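Below you'll find the structure, written out as structure tokens, and then a few comments.
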Amino acid sequence: MESILAKRVEAFGLLGNYMRTAMDDPEFRAVAGRAGRVNPLFTVSNIERAVRTWGDALRTDSLKAWLEPYLPQWQQERLEVALVMAGNIPIVGFQDYLCALLCGFRLQIKLSSKDPFLLPFLHSKLLELASGHKEVMEENGTGKNFPESGEIAPVIFTQSIVKDFDAVIATGSGNTFRYFDFYFGRYPHLLRRNRTSCALLDGTESREDLSGLADDALSYFGMGCRNVSKIYVPDSYDFTTLLETLHPLSSSLLSHAVYKDNYDYHKAVCMLNRQSFFDNGSVLLQPSTALASPMGVLYYETYQDKAEVEAMLEARRNEIQCVMGKGRTAFGTAQSPGLADYADGVDIMDFLLHLRSRH
């Protein structure tokens with residue numbers, strides 16, 4: 001691994017060490033508190049989990065092993081890449097940020113108004129750990145400018161319009177995707193819209209499997225694209241054990257006003273409309289052909305032929321991030337993706353390494 005890239009890997013390895021215990025740092029706890037005041041769904045535990053998960057991924061040996069297949073195509077052209085980030089869960093765009101900086105690209109990062117503090121702080125920590133001293137940051141009225149530091153390219157964080165870039169990676173909803181396509185379609189781009197995840201059960205799952213499924217469905221209040229929002233179960237499936245294993249986590253969410261309001265609202269709607277549902281007192285299981293369920297609700301659909309469900313999932317693969325189940329993504333691992341588990345299954349590093357300057 002060439003020395004420049006090795007220095008970047010070392011810097012991110014140091015950041016990983018920090019992120020695994022970031023909540024021990026009073027300065028980070030203060031930033032997490034600010035993030036939670038802006039977005040009530042960013043609880044301390046959710047922020048800690050997201051940051052620690054990435055800290056676990058950013059181990060030097062893991063980074064080197066992940067990057068090894070890309071080394072033959074490595075190029076040092078210094079391009080400028082715009083990242084438009086979502087804000088559904090904490091630091092949800094971290095992988096885009098990681099890949100682009102490892103490639104040596106200058107970045108313009110349009111932060112979500114729902115997550116404006118965490119990544120800029122972590123970037124300042126990356127520079128501090130890499131250089132051994134705090135870097136001077138410039139406030140530009142709409143964001144923060146970090147100059148080049150060692151082998152880490154300049155980064156601009158903003159909440160205004162990004163412009164004058166060579167390529168763009170943008171993540172948003174189905175509605176914003178249309179605007180992304182209009183504004184960014186003429187640039188080399190990766191444009192992402194909302195996806196969700198589901199689980200395919202066969203009825204032989206253990207309690208441990210179902211406990212893992214509970215985490216897959218309810219972590220981060222179910223707001224992530226890797227959160228399970230729909231399950232497929234055999235006809236005559238007994239929901240008793242599933243409801244029991246969902247309860248420890250779902251009941252803990254009732255203390256959060258946003259979750260409780262959603263749960264109460266959707267339960268009231270079901271009762272008023274005389275719709276069928278299962279209820280464990282803190283999460284609803286509701287029959288639906290839709291994939292994406294609202295907060296406080298987990299959709300289900302029964303099947304007779306598993307092969308038909310698998311064919312349907314394949315046909316709708318552009319709407320689905322991952323499928324949990326036996327022989328598929330393991331239960332309980334939805335929110336612990338590896339470095340090579342790219343959003344939408346599109347290799348970010350391959351995309352970035354094939355960019356060429358537009359100038």
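By order in the structure tokens, chains are A, B, ...; within a chain, residues start at 1; ligands start at 1, following the order shown.
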Note to self: I want to know what sits within 8 Å of Thr171 in chain A, based on only C-alpha atoms, with residues of the same chain fewer than 4 positions away left out; could you give that as a PyMOL selection string?
What the structure shows: chain A and resi 84-86+177+191-193
Residues as selected, C-alpha atoms, written as an mmCIF file, in the first residue's frame, can you do that?
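The resulting file, selection-v8.cif, is reproduced below:
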```
data_model
loop_
_atom_site.group_PDB
_atom_site.id
_atom_site.type_symbol
_atom_site.label_atom_id
_atom_site.label_comp_id
_atom_site.auth_asym_id
_atom_site.auth_seq_id
_atom_site.Cartn_x
_atom_site.Cartn_y
_atom_site.Cartn_z
ATOM 1 C CA VAL A 84 -25.547 15.248 -0.100
ATOM 2 C CA MET A 85 -26.349 13.451 3.134
ATOM 3 C CA ALA A 86 -29.537 12.122 4.670
ATOM 4 C CA PHE A 177 -34.666 11.851 -5.946
ATOM 5 C CA LEU A 191 -28.201 9.007 -6.562
ATOM 6 C CA ARG A 192 -30.079 7.078 -3.890
ATOM 7 C CA ARG A 193 -33.729 7.094 -2.922
#
```
Per residue of range 145-255 of chain A within 12 Å of range 343-347 of chain A, record the nearest atom pair and its distance in Å to one decimal, counting only C-alpha atoms, with rows in chain order and ascending residue number, as a Markdown table.
```
| residue | atom | partner | partner_atom | distance |
| --- | --- | --- | --- | --- |
| A:Ile169 | CA | A:Ala343 | CA | 11.2 |
| A:Ala170 | CA | A:Ala343 | CA | 11.4 |
| A:Thr171 | CA | A:Ala343 | CA | 9.7 |
| A:His189 | CA | A:Val346 | CA | 11.5 |
| A:Leu190 | CA | A:Val346 | CA | 8.4 |
| A:Leu191 | CA | A:Asp344 | CA | 9.9 |
| A:Arg192 | CA | A:Asp344 | CA | 7.6 |
| A:Arg193 | CA | A:Asp344 | CA | 9.2 |
| A:Asn194 | CA | A:Asp344 | CA | 9.8 |
| A:Arg195 | CA | A:Asp344 | CA | 8.1 |
| A:Thr196 | CA | A:Asp344 | CA | 10.2 |
| A:Ser197 | CA | A:Asp344 | CA | 11.1 |
| A:Gly224 | CA | A:Ala343 | CA | 11.4 |
| A:Cys225 | CA | A:Ala343 | CA | 8.9 |
| A:Arg226 | CA | A:Ala343 | CA | 9.2 |
```
Residues within 7 Å of range 286-294 of chain A, only C-alpha atoms, excluding chain neighbours under 2 positions, as a PyMOL selection string: chain A and resi 196+229-230+276-278+284+296-301
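Among the candidate residues A:Leu58, A:Met324, A:Leu339, A:Leu201, the one lying nearest to Leu15 in chain A is A:Leu58, with distances computed using only C-alpha atoms.
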inquiry  = I'd like the neighbourhood of Phe117 in chain A as a list in words, where a residue qualifies if any of its atoms comes within 10 Å (using only C-alpha atoms), though same-chain residues fewer than 5 positions away should be ignored.
reply    =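 The filter keeps Val31, Ala32, Gly33, Arg34, Ala35, Gly36, Val38, Pro90, Ile91, Leu111, Ser112, Leu122 and Phe157 of chain A.
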task = Enumerate as a count of residues only all residues of range 16-186 of chain A assigned to alpha helix (DSSP H) by DSSP on the backbone, naming them with the chain letters and numbers the document uses.
result = 74
Of A:Leu83, A:Gly150, A:Thr176, A:Val283, the one nearest to Leu243 in chain A when counting only C-alpha atoms is A:Val283
Which residues, written as a PyMOL selection string, have at least one atom at most 12 Å from Asp341 in chain A, with only C-alpha atoms counted and residues fewer than 4 positions away on the same chain left out?
-> chain A and resi 57+66+95-96+226+321-322+329+333-337+345-349
Can you list, as an mmCIF file with C-alpha atoms, in the first residue's frame, every residue of range 191-223 of chain A that DSSP puts in strand (DSSP E or B)?
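Full text of states12.cif as output:
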```
data_model
loop_
_atom_site.group_PDB
_atom_site.id
_atom_site.type_symbol
_atom_site.label_atom_id
_atom_site.label_comp_id
_atom_site.auth_asym_id
_atom_site.auth_seq_id
_atom_site.Cartn_x
_atom_site.Cartn_y
_atom_site.Cartn_z
ATOM 1 C CA LEU A 191 -28.201 9.007 -6.562
ATOM 2 C CA ARG A 192 -30.079 7.078 -3.890
ATOM 3 C CA THR A 196 -36.250 -0.422 3.323
ATOM 4 C CA SER A 197 -35.445 -3.945 4.464
ATOM 5 C CA CYS A 198 -37.515 -7.026 5.139
ATOM 6 C CA ALA A 199 -37.247 -10.496 6.641
ATOM 7 C CA LEU A 200 -38.270 -13.872 5.263
#
```
Using only C-alpha atoms: which of A:Cys270, A:Leu102, A:Met295, A:Ile109 has the shortest distance to Ile4 in chain A: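 Looking at the shortest contact to Ile4 in chain A, the residue is A:Leu102.
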